[in-house]
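Below: work27.pdb (PDB, C-alpha atoms)
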```pdb
ATOM      1  CA  MET A   1      46.382   4.789   3.193
ATOM      2  CA  SER A   2      42.855   3.313   3.259
ATOM      3  CA  GLN A   3      39.833   5.600   3.377
ATOM      4  CA  GLY A   4      37.963   5.789   6.688
ATOM      5  CA  TYR A   5      34.220   5.806   7.241
ATOM      6  CA  ALA A   6      31.893   7.956   9.343
ATOM      7  CA  THR A   7      28.351   7.293  10.572
ATOM      8  CA  VAL A   8      25.240   9.245   9.526
ATOM      9  CA  ASP A   9      21.921   9.252  11.400
ATOM     10  CA  THR A  10      19.196   7.627   9.266
ATOM     11  CA  ALA A  11      16.449   9.516  11.127
ATOM     12  CA  ARG A  12      17.698  12.742   9.517
ATOM     13  CA  PHE A  13      17.547  11.518   5.928
ATOM     14  CA  ILE A  14      15.576  13.620   3.436
ATOM     15  CA  ILE A  15      13.005  11.522   1.609
ATOM     16  CA  GLY A  16      12.913  11.967  -2.152
ATOM     17  CA  GLU A  17      16.083  14.087  -2.389
ATOM     18  CA  PRO A  18      19.104  12.701  -4.322
ATOM     19  CA  LEU A  19      21.907  11.503  -2.054
ATOM     20  CA  PRO A  20      25.015  13.713  -2.193
ATOM     21  CA  ALA A  21      27.431  10.759  -2.022
ATOM     22  CA  PRO A  22      27.431   6.954  -1.654
ATOM     23  CA  LEU A  23      26.011   5.230   1.428
ATOM     24  CA  PHE A  24      27.440   2.042   2.922
ATOM     25  CA  VAL A  25      26.295  -0.692   5.313
ATOM     26  CA  LEU A  26      28.592  -2.582   7.653
ATOM     27  CA  ILE A  27      28.365  -6.369   7.160
ATOM     28  CA  ASP A  28      30.770  -8.768   8.869
ATOM     29  CA  GLY A  29      33.260  -5.963   9.435
ATOM     30  CA  ARG A  30      33.211  -4.832   5.799
ATOM     31  CA  HIS A  31      31.661  -1.660   4.365
ATOM     32  CA  ILE A  32      29.407  -2.598   1.437
ATOM     33  CA  LYS A  33      27.868   0.033  -0.843
ATOM     34  CA  TYR A  34      24.143   0.406  -0.133
ATOM     35  CA  LYS A  35      23.262   3.394  -2.333
ATOM     36  CA  SER A  36      25.158   5.468  -4.900
ATOM     37  CA  ALA A  37      25.319   9.251  -5.199
ATOM     38  CA  ASP A  38      22.087  10.671  -6.709
ATOM     39  CA  ASP A  39      20.059   7.634  -5.630
ATOM     40  CA  ILE A  40      16.892   8.467  -3.698
ATOM     41  CA  ILE A  41      15.663   7.187  -0.343
ATOM     42  CA  ASP A  42      11.911   6.889  -0.883
ATOM     43  CA  ARG A  43       9.275   6.703   1.847
ATOM     44  CA  LEU A  44       9.012   2.905   1.836
ATOM     45  CA  MET A  45      12.790   2.491   2.027
ATOM     46  CA  PHE A  46      12.969   5.024   4.878
ATOM     47  CA  ASP A  47      10.259   3.117   6.758
ATOM     48  CA  ARG A  48      12.143  -0.140   6.297
ATOM     49  CA  LEU A  49      15.278   1.371   7.820
ATOM     50  CA  GLN A  50      13.356   2.771  10.783
ATOM     51  CA  VAL A  51      11.256  -0.340  11.411
ATOM     52  CA  LYS A  52      14.327  -2.581  11.197
ATOM     53  CA  GLY A  53      16.054  -0.380  13.782
ATOM     54  CA  VAL A  54      18.826   0.781  11.418
ATOM     55  CA  LYS A  55      19.898   3.926  13.265
ATOM     56  CA  VAL A  56      23.095   4.662  11.312
ATOM     57  CA  LEU A  57      24.623   4.025   7.906
ATOM     58  CA  TYR A  58      28.133   4.873   6.742
ATOM     59  CA  VAL A  59      29.757   7.374   4.398
ATOM     60  CA  LEU A  60      33.365   8.014   3.466
ATOM     61  CA  ASP A  61      35.099  10.410   5.852
ATOM     62  CA  SER A  62      35.641  12.759   2.930
ATOM     63  CA  ASP A  63      31.852  12.857   2.289
ATOM     64  CA  LYS A  64      30.754  13.483   5.883
ATOM     65  CA  ALA A  65      30.523  17.268   5.433
ATOM     66  CA  LEU A  66      28.397  16.817   2.285
ATOM     67  CA  PHE A  67      25.946  14.646   4.195
ATOM     68  CA  GLU A  68      25.772  17.018   7.154
ATOM     69  CA  LYS A  69      24.839  19.860   4.810
ATOM     70  CA  TRP A  70      22.310  17.653   2.980
ATOM     71  CA  MET A  71      20.694  16.409   6.204
ATOM     72  CA  GLY A  72      20.563  19.923   7.645
ATOM     73  CA  GLY A  73      17.261  20.503   5.868
ATOM     74  CA  ALA A  74      15.636  17.938   8.133
ATOM     75  CA  ASP A  75      16.540  19.922  11.241
ATOM     76  CA  ILE A  76      14.863  23.222  10.313
ATOM     77  CA  PRO A  77      11.407  23.548  11.924
ATOM     78  CA  PRO A  78       8.472  23.984   9.497
ATOM     79  CA  GLY A  79       8.110  27.574   8.329
ATOM     80  CA  ALA A  80      11.408  28.663   9.891
ATOM     81  CA  ASP A  81      13.805  30.964   8.053
ATOM     82  CA  PRO A  82      17.069  28.969   7.689
ATOM     83  CA  GLU A  83      19.032  32.220   7.874
ATOM     84  CA  LYS A  84      17.664  33.183  11.297
ATOM     85  CA  PRO A  85      18.505  31.633  14.688
ATOM     86  CA  ILE A  86      16.014  28.974  15.780
ATOM     87  CA  GLU A  87      13.752  30.314  18.522
ATOM     88  CA  LYS A  88      13.412  28.618  21.882
ATOM     89  CA  PRO A  89      11.048  25.628  21.464
ATOM     90  CA  THR A  90       7.530  25.900  22.835
ATOM     91  CA  SER A  91       6.077  23.432  25.336
ATOM     92  CA  PHE A  92       4.133  21.857  22.448
ATOM     93  CA  GLN A  93       7.327  21.374  20.406
ATOM     94  CA  ILE A  94       9.132  19.870  23.399
ATOM     95  CA  THR A  95       6.285  17.442  24.125
ATOM     96  CA  ARG A  96       6.020  16.558  20.446
ATOM     97  CA  SER A  97       9.737  15.677  20.425
ATOM     98  CA  GLU A  98       9.212  13.486  23.491
ATOM     99  CA  ALA A  99       6.366  11.695  21.710
ATOM    100  CA  ARG A 100       8.557  11.166  18.658
ATOM    101  CA  ARG A 101      11.331   9.606  20.779
ATOM    102  CA  ALA A 102       8.823   7.341  22.529
ATOM    103  CA  ALA A 103       7.357   6.237  19.204
ATOM    104  CA  MET A 104      10.841   5.691  17.769
ATOM    105  CA  ASP A 105      11.682   3.371  20.669
ATOM    106  CA  LEU A 106       8.580   1.275  19.996
ATOM    107  CA  PHE A 107       9.127   1.160  16.249
ATOM    108  CA  GLN A 108      12.684  -0.010  16.842
ATOM    109  CA  GLY A 109      11.400  -2.949  18.846
ATOM    110  CA  ASN A 110      11.774  -1.634  22.410
ATOM    111  CA  VAL A 111       8.312  -2.753  23.534
ATOM    112  CA  GLY A 112       8.928  -3.592  27.158
ATOM    113  CA  PRO A 113       6.621  -2.408  29.979
ATOM    114  CA  GLU A 114       8.761   0.670  30.659
ATOM    115  CA  SER A 115       8.541   1.853  27.033
ATOM    116  CA  VAL A 116       4.780   1.309  26.967
ATOM    117  CA  VAL A 117       4.226   3.272  30.193
ATOM    118  CA  LYS A 118       6.402   6.089  28.804
ATOM    119  CA  THR A 119       4.436   6.167  25.556
ATOM    120  CA  LEU A 120       1.062   6.305  27.310
ATOM    121  CA  ALA A 121       2.278   9.122  29.573
ATOM    122  CA  VAL A 122       3.751  11.273  26.810
ATOM    123  CA  SER A 123       0.625  10.750  24.704
ATOM    124  CA  LYS A 124      -1.466  12.278  27.503
ATOM    125  CA  LYS A 125       0.918  15.247  27.669
ATOM    126  CA  LEU A 126       0.618  15.723  23.921
ATOM    127  CA  VAL A 127      -3.185  15.733  24.152
ATOM    128  CA  THR A 128      -3.025  18.477  26.782
ATOM    129  CA  GLU A 129      -0.738  20.572  24.570
ATOM    130  CA  VAL A 130      -2.988  20.190  21.519
ATOM    131  CA  MET A 131      -6.026  21.245  23.545
ATOM    132  CA  LYS A 132      -4.270  24.533  24.330
ATOM    133  CA  GLN A 133      -4.326  25.503  20.651
ATOM    134  CA  PRO A 134      -6.868  28.215  19.720
ATOM    135  CA  TYR A 135      -9.983  27.057  17.874
ATOM    136  CA  VAL A 136      -9.979  29.517  14.964
ATOM    137  CA  SER A 137      -6.430  30.133  13.816
ATOM    138  CA  LYS A 138      -4.158  29.229  10.947
ATOM    139  CA  ASN A 139      -2.081  26.909  13.098
ATOM    140  CA  LEU A 140      -1.942  23.590  11.249
ATOM    141  CA  ALA A 141       1.543  24.432   9.979
ATOM    142  CA  GLN A 142       2.648  24.506  13.628
ATOM    143  CA  LEU A 143       0.788  21.321  14.580
ATOM    144  CA  GLN A 144       1.580  19.160  11.561
ATOM    145  CA  TYR A 145       5.204  18.660  10.536
ATOM    146  CA  PHE A 146       6.302  17.200   7.218
ATOM    147  CA  ALA A 147       6.340  13.425   7.806
ATOM    148  CA  ARG A 148       9.497  11.745   6.523
ATOM    149  CA  GLY A 149       8.458   8.258   7.620
ATOM    150  CA  THR A 150       6.287   6.157   9.905
ATOM    151  CA  VAL A 151       7.448   7.710  13.191
ATOM    152  CA  ASP A 152       6.911  11.329  12.115
ATOM    153  CA  HIS A 153       3.627  10.327  10.481
ATOM    154  CA  SER A 154       2.464   8.629  13.699
ATOM    155  CA  VAL A 155       3.080  11.772  15.765
ATOM    156  CA  ASN A 156       1.279  13.866  13.146
ATOM    157  CA  VAL A 157      -1.728  11.541  13.180
ATOM    158  CA  SER A 158      -1.870  11.677  16.984
ATOM    159  CA  VAL A 159      -1.826  15.494  16.974
ATOM    160  CA  LEU A 160      -4.267  15.847  14.073
ATOM    161  CA  SER A 161      -6.681  13.274  15.517
ATOM    162  CA  VAL A 162      -6.898  15.117  18.840
ATOM    163  CA  TYR A 163      -7.160  18.472  17.042
ATOM    164  CA  LEU A 164     -10.053  17.240  14.889
ATOM    165  CA  ALA A 165     -11.828  15.423  17.729
ATOM    166  CA  HIS A 166     -11.566  18.372  20.120
ATOM    167  CA  HIS A 167     -13.056  20.762  17.574
ATOM    168  CA  MET A 168     -15.764  18.245  16.640
ATOM    169  CA  GLY A 169     -16.977  18.449  20.237
ATOM    170  CA  TYR A 170     -15.149  15.568  21.931
ATOM    171  CA  THR A 171     -14.098  17.243  25.163
ATOM    172  CA  HIS A 172     -13.714  14.406  27.686
ATOM    173  CA  GLN A 173     -10.033  14.073  28.554
ATOM    174  CA  LEU A 174     -10.133  10.264  28.685
ATOM    175  CA  ILE A 175     -11.650  10.018  25.192
ATOM    176  CA  LEU A 176      -9.065  12.438  23.791
ATOM    177  CA  ASN A 177      -6.321  10.413  25.485
ATOM    178  CA  HIS A 178      -7.585   7.270  23.728
ATOM    179  CA  ILE A 179      -7.635   9.108  20.391
ATOM    180  CA  GLY A 180      -4.161  10.571  20.891
ATOM    181  CA  THR A 181      -2.627   7.256  21.931
ATOM    182  CA  GLY A 182      -4.448   5.394  19.149
ATOM    183  CA  GLY A 183      -3.058   7.878  16.662
ATOM    184  CA  LEU A 184       0.470   7.534  18.012
ATOM    185  CA  LEU A 185       0.319   3.725  17.878
ATOM    186  CA  HIS A 186      -1.866   3.227  14.801
ATOM    187  CA  ASP A 187       1.003   1.938  12.623
ATOM    188  CA  ILE A 188       2.880   0.001  15.324
ATOM    189  CA  GLY A 189       2.035  -3.302  13.606
ATOM    190  CA  LYS A 190       4.411  -2.383  10.773
ATOM    191  CA  VAL A 191       7.207  -3.536  13.078
ATOM    192  CA  ARG A 192       6.071  -7.126  12.504
ATOM    193  CA  VAL A 193       5.332  -6.940   8.785
ATOM    194  CA  PRO A 194       7.942  -9.186   7.095
ATOM    195  CA  LEU A 195       9.128  -6.674   4.469
ATOM    196  CA  ASN A 196      11.989  -7.762   2.243
ATOM    197  CA  ASP A 197      14.294  -5.459   0.299
ATOM    198  CA  LYS A 198      13.615  -7.617  -2.774
ATOM    199  CA  ASP A 199       9.844  -7.133  -2.584
ATOM    200  CA  THR A 200       8.231  -5.128  -5.374
ATOM    201  CA  LEU A 201       6.230  -2.035  -4.396
ATOM    202  CA  GLU A 202       3.008  -3.993  -4.946
ATOM    203  CA  GLU A 203       4.229  -6.883  -2.781
ATOM    204  CA  SER A 204       5.245  -4.521   0.016
ATOM    205  CA  GLN A 205       1.912  -2.704  -0.081
ATOM    206  CA  GLU A 206       0.012  -5.988   0.078
ATOM    207  CA  LYS A 207       2.071  -7.205   3.045
ATOM    208  CA  LEU A 208       1.535  -3.900   4.849
ATOM    209  CA  LYS A 209      -2.237  -4.489   4.858
ATOM    210  CA  ALA A 210      -1.623  -6.885   7.747
ATOM    211  CA  HIS A 211      -0.321  -4.142  10.036
ATOM    212  CA  PRO A 212      -3.617  -3.218  11.803
ATOM    213  CA  GLU A 213      -4.169  -6.779  13.052
ATOM    214  CA  LEU A 214      -0.464  -7.233  13.820
ATOM    215  CA  GLY A 215      -0.625  -3.993  15.803
ATOM    216  CA  VAL A 216      -3.528  -5.244  17.915
ATOM    217  CA  LYS A 217      -1.629  -8.459  18.638
ATOM    218  CA  MET A 218       1.375  -6.425  19.769
ATOM    219  CA  LEU A 219      -0.759  -4.260  22.047
ATOM    220  CA  ASP A 220      -2.389  -7.369  23.525
ATOM    221  CA  GLU A 221       1.082  -8.292  24.767
ATOM    222  CA  MET A 222       1.575  -4.889  26.429
ATOM    223  CA  PRO A 223       0.077  -4.327  29.881
ATOM    224  CA  GLY A 224      -2.087  -1.272  30.437
ATOM    225  CA  VAL A 225      -3.100  -0.449  26.860
ATOM    226  CA  PRO A 226      -6.845   0.436  26.847
ATOM    227  CA  SER A 227      -9.178  -1.614  24.649
ATOM    228  CA  GLU A 228     -10.311   1.629  22.969
ATOM    229  CA  VAL A 229      -6.757   2.205  21.736
ATOM    230  CA  LYS A 230      -6.613  -1.334  20.361
ATOM    231  CA  MET A 231      -9.854  -0.801  18.440
ATOM    232  CA  ILE A 232      -8.435   2.367  16.887
ATOM    233  CA  VAL A 233      -5.268   0.537  15.864
ATOM    234  CA  GLY A 234      -7.223  -2.382  14.416
ATOM    235  CA  GLN A 235      -9.760  -0.293  12.485
ATOM    236  CA  HIS A 236      -7.988   2.877  11.323
ATOM    237  CA  HIS A 237      -7.939   1.632   7.700
ATOM    238  CA  GLU A 238     -11.597   0.558   7.611
ATOM    239  CA  LEU A 239     -13.720   2.727   5.298
ATOM    240  CA  PHE A 240     -17.364   3.748   5.534
ATOM    241  CA  ASP A 241     -18.255   2.079   2.209
ATOM    242  CA  GLY A 242     -16.742  -1.269   3.230
ATOM    243  CA  THR A 243     -13.710  -1.073   0.924
ATOM    244  CA  GLY A 244     -11.126  -0.741   3.690
ATOM    245  CA  PHE A 245      -9.067  -3.367   5.483
ATOM    246  CA  PRO A 246      -8.409  -5.698   7.241
ATOM    247  CA  LYS A 247     -12.036  -6.749   7.880
ATOM    248  CA  LYS A 248     -13.930  -4.589   5.350
ATOM    249  CA  LEU A 249     -16.150  -3.180   8.093
ATOM    250  CA  ARG A 250     -18.893  -0.843   6.917
ATOM    251  CA  GLY A 251     -20.660   2.203   8.338
ATOM    252  CA  ALA A 252     -21.572   2.081  12.025
ATOM    253  CA  ALA A 253     -19.610  -1.160  12.466
ATOM    254  CA  ILE A 254     -16.438   0.957  12.510
ATOM    255  CA  TYR A 255     -15.507   2.223  15.979
ATOM    256  CA  ASP A 256     -16.351   5.923  16.286
ATOM    257  CA  LEU A 257     -12.884   7.040  17.406
ATOM    258  CA  ALA A 258     -11.199   4.966  14.699
ATOM    259  CA  ARG A 259     -13.122   6.983  12.090
ATOM    260  CA  ILE A 260     -11.475  10.180  13.329
ATOM    261  CA  VAL A 261      -7.999   8.668  13.379
ATOM    262  CA  GLY A 262      -8.659   7.253   9.909
ATOM    263  CA  LEU A 263      -9.430  10.743   8.616
ATOM    264  CA  ALA A 264      -6.294  12.202  10.204
ATOM    265  CA  ASN A 265      -4.260   9.331   8.778
ATOM    266  CA  ALA A 266      -5.590   9.932   5.249
ATOM    267  CA  PHE A 267      -5.015  13.691   5.482
ATOM    268  CA  ASP A 268      -1.412  13.385   6.666
ATOM    269  CA  ARG A 269      -0.593  10.890   3.905
ATOM    270  CA  MET A 270      -2.115  13.228   1.329
ATOM    271  CA  VAL A 271      -0.057  16.138   2.644
ATOM    272  CA  ALA A 272       3.104  14.050   2.265
ATOM    273  CA  ASP A 273       2.170  13.176  -1.326
ATOM    274  CA  GLN A 274       1.666  16.774  -2.466
ATOM    275  CA  ALA A 275       4.273  19.282  -3.648
ATOM    276  CA  GLY A 276       5.146  22.748  -2.356
ATOM    277  CA  THR A 277       5.457  24.314   1.082
ATOM    278  CA  LEU A 278       3.692  22.718   4.027
ATOM    279  CA  PRO A 279       0.699  25.145   3.877
ATOM    280  CA  GLU A 280       0.419  24.530   0.114
ATOM    281  CA  ARG A 281       0.513  20.776   0.701
ATOM    282  CA  GLN A 282      -2.196  21.089   3.353
ATOM    283  CA  GLN A 283      -4.468  23.167   1.119
ATOM    284  CA  ALA A 284      -4.058  20.675  -1.733
ATOM    285  CA  ALA A 285      -4.799  17.783   0.639
ATOM    286  CA  VAL A 286      -8.029  19.410   1.845
ATOM    287  CA  ARG A 287      -9.165  19.848  -1.757
ATOM    288  CA  LYS A 288      -8.309  16.221  -2.522
ATOM    289  CA  ILE A 289     -10.240  14.988   0.527
ATOM    290  CA  GLU A 290     -13.330  16.893  -0.662
ATOM    291  CA  GLN A 291     -12.995  15.519  -4.187
ATOM    292  CA  THR A 292     -12.101  11.865  -3.551
ATOM    293  CA  LEU A 293     -13.149  10.720  -0.075
ATOM    294  CA  ASN A 294     -16.832  11.647   0.078
ATOM    295  CA  ARG A 295     -17.908   7.983   0.157
ATOM    296  CA  LYS A 296     -14.971   6.651   2.138
ATOM    297  CA  PHE A 297     -15.709   8.328   5.483
ATOM    298  CA  GLU A 298     -18.795   9.021   7.553
ATOM    299  CA  PRO A 299     -20.381  12.048   5.792
ATOM    300  CA  GLN A 300     -21.042  14.062   8.946
ATOM    301  CA  LYS A 301     -17.507  13.604  10.293
ATOM    302  CA  LEU A 302     -15.968  14.281   6.888
ATOM    303  CA  GLU A 303     -17.907  17.527   6.527
ATOM    304  CA  LYS A 304     -16.859  18.690  10.013
ATOM    305  CA  ALA A 305     -13.239  17.658   9.422
ATOM    306  CA  VAL A 306     -13.016  19.593   6.160
ATOM    307  CA  LYS A 307     -14.399  22.738   7.826
ATOM    308  CA  ILE A 308     -11.916  22.426  10.698
ATOM    309  CA  LEU A 309      -8.963  21.779   8.380
ATOM    310  CA  LYS A 310      -9.901  24.736   6.168
ATOM    311  CA  MET A 311      -9.841  27.022   9.217
ATOM    312  CA  GLY A 312      -6.356  25.721  10.052
ATOM    313  CA  VAL A 313      -4.805  26.346   6.656
TER     314      VAL A 313
END
```

Can you dump the structure from the file as structure tokens?
Amino acid sequence: MSQGYATVDTARFIIGEPLPAPLFVLIDGRHIKYKSADDIIDRLMFDRLQVKGVKVLYVLDSDKALFEKWMGGADIPPGADPEKPIEKPTSFQITRSEARRAAMDLFQGNVGPESVVKTLAVSKKLVTEVMKQPYVSKNLAQLQYFARGTVDHSVNVSVLSVYLAHHMGYTHQLILNHIGTGGLLHDIGKVRVPLNDKDTLEESQEKLKAHPELGVKMLDEMPGVPSEVKMIVGQHHELFDGTGFPKKLRGAAIYDLARIVGLANAFDRMVADQAGTLPERQQAAVRKIEQTLNRKFEPQKLEKAVKILKMGV
């Protein structure tokens, strides 16, 4: 009797953790091995799956339980005790999940008018929820989740950008909406980056430098996206010393709101690259920002951002 196959949800994969059993893809009706047991799904590979819209892969029926146990770690909220029942989600957690679903739709290529309207609306809701957070509290562990890939990272950057901007003194709702939406969409251009599974890491990283301009082109095709959001998307990788991309803008030439999203983007990436619990990762990322980014971002904004982040961790 031939062995059957079961599907597993790629969005629940754990980045950097050895696979418990082989993974398969379905090609022309045949299951072909994609990864072996103990192989690792790294961040770039995870992003490729998500951007290409690969929602499921396949495992042997006999390995399904192993994968469910392995993927279970992705479903435990940050800081939660896995032995205790999960508490009822807060309004912030619910809205954050809505934003993640909206972003996932866009990153999987569903960029029609309805999806865009939904994304703009949920971004505004997320801004309102972030503004409810107390100013002085150790709450970054509740606001920032561990980002497994581009979609989770995009939601984090949206939340962190609004959090930083609000506590820097940006209080106008419309401005915060632009920042939140710009953060949510800042990496949308990755959908159109022609990544190839055979590319080396260096080749992939070089190709990905096109994503800010590709993102602006995508947003130009979507009705109702504010020009401020497009500027954030196009400039979030520009650096104060002119070493960023795609246009190597310098200093005041970089859009003010893009500088904030750029800081949030750098911080979230640093958190993902550290080791330890989420609070430990955040503390290490703050230290790294102080040590390595003093010339990369506007000094006044960097100083304020570090103070705000320190209060949150």

Pairwise distance, atom CA of Leu278 of chain A with atom CA of Leu140 of chain A, equals 9.2 Å

Distance of atom CA of Gln283 of chain A from atom CA of Met168 of chain A, expressed in Å to one decimal place: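 So the answer is 19.8 Å.
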
So which residues touch Phe267 of chain A within 10 Å, counting all atoms listed in the file, skipping near sequence neighbours fewer than 3 positions away, as a list in words? Asn156, Val157, Leu160, Val261, Gly262, Leu263, Ala264, Met270, Val271, Ala272, Asp273, Gln282, Ala285, Val286, Lys288, Ile289, Ala305, Val306 and Leu309 of chain A

Pick out the closest residue to Ala102 of chain A from this set: A:Val122, A:Val25, A:Leu19, A:Leu293. Count only C-alpha atoms.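 Under the stated criterion, the closest residue is A:Val122.
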
Which polymer residues have any atom within 12 Å of an atom of Glu203 of chain A, counting all atoms listed in the file, with same-chain residues fewer than 6 positions away left out, as a PyMOL selection string? chain A and resi 44+193-197+209

Using the chain letters and numbers from this file, what does the PyMOL selection byres ((chain A and resi 126) around 8) select? Give the answer as a PyMOL selection string. chain A and resi 92+95-96+99+122-125+127-130+159+180

Ground truth for the PyMOL selection byres ((chain A and resi 11) around 12), written as an mmCIF file with C-alpha atoms, in the coordinates of the input:
```cif
data_model
loop_
_atom_site.group_PDB
_atom_site.id
_atom_site.type_symbol
_atom_site.label_atom_id
_atom_site.label_comp_id
_atom_site.auth_asym_id
_atom_site.auth_seq_id
_atom_site.Cartn_x
_atom_site.Cartn_y
_atom_site.Cartn_z
ATOM 1 C CA VAL A 8 25.240 9.245 9.526
ATOM 2 C CA ASP A 9 21.921 9.252 11.400
ATOM 3 C CA THR A 10 19.196 7.627 9.266
ATOM 4 C CA ARG A 12 17.698 12.742 9.517
ATOM 5 C CA PHE A 13 17.547 11.518 5.928
ATOM 6 C CA ILE A 14 15.576 13.620 3.436
ATOM 7 C CA ILE A 15 13.005 11.522 1.609
ATOM 8 C CA ILE A 41 15.663 7.187 -0.343
ATOM 9 C CA PHE A 46 12.969 5.024 4.878
ATOM 10 C CA ASP A 47 10.259 3.117 6.758
ATOM 11 C CA ARG A 48 12.143 -0.140 6.297
ATOM 12 C CA LEU A 49 15.278 1.371 7.820
ATOM 13 C CA GLN A 50 13.356 2.771 10.783
ATOM 14 C CA VAL A 51 11.256 -0.340 11.411
ATOM 15 C CA GLY A 53 16.054 -0.380 13.782
ATOM 16 C CA VAL A 54 18.826 0.781 11.418
ATOM 17 C CA LYS A 55 19.898 3.926 13.265
ATOM 18 C CA VAL A 56 23.095 4.662 11.312
ATOM 19 C CA LEU A 57 24.623 4.025 7.906
ATOM 20 C CA MET A 71 20.694 16.409 6.204
ATOM 21 C CA GLY A 72 20.563 19.923 7.645
ATOM 22 C CA ALA A 74 15.636 17.938 8.133
ATOM 23 C CA ASP A 75 16.540 19.922 11.241
ATOM 24 C CA ARG A 100 8.557 11.166 18.658
ATOM 25 C CA ARG A 101 11.331 9.606 20.779
ATOM 26 C CA MET A 104 10.841 5.691 17.769
ATOM 27 C CA GLN A 108 12.684 -0.010 16.842
ATOM 28 C CA ALA A 147 6.340 13.425 7.806
ATOM 29 C CA ARG A 148 9.497 11.745 6.523
ATOM 30 C CA GLY A 149 8.458 8.258 7.620
ATOM 31 C CA THR A 150 6.287 6.157 9.905
ATOM 32 C CA VAL A 151 7.448 7.710 13.191
ATOM 33 C CA ASP A 152 6.911 11.329 12.115
#
```

Fewer than 4 positions away in the same chain doesn't count, so skip those; otherwise give me all residues within 10 Å of Leu214 of chain A, counting all atoms listed in the file, as an MDAnalysis selection string. chainID A and resid 187:193 208:210 218:220 233:234

Shell of 12 Å around Ile260 of chain A, all atoms listed in the file, local chain residues under 5 positions omitted, as an NGL selection string: :A and (157-168 or 170 or 175-176 or 178-180 or 182-183 or 186 or 232-233 or 235-240 or 254-255 or 265-267 or 297-306)

Could you give me, as number ranges by chain, the residues that have an atom at most 8 Å away from the point (7.5, -5.0, 22.0) in the coordinates of the file, using all atoms listed in the file? A: 106, 109-112, 218, 221-222

Might I get the box with edges along x, y and z of the file that holds all atoms of segment 145-156 of chain A listed there, padded by 3 Å on every side, given as centre and edge lengths in Å to one decimal, as AutoDock Vina command-line options?
```
--center_x 5.4 --center_y 12.4 --center_z 11.1 --size_x 14.2 --size_y 18.5 --size_z 15.2
```
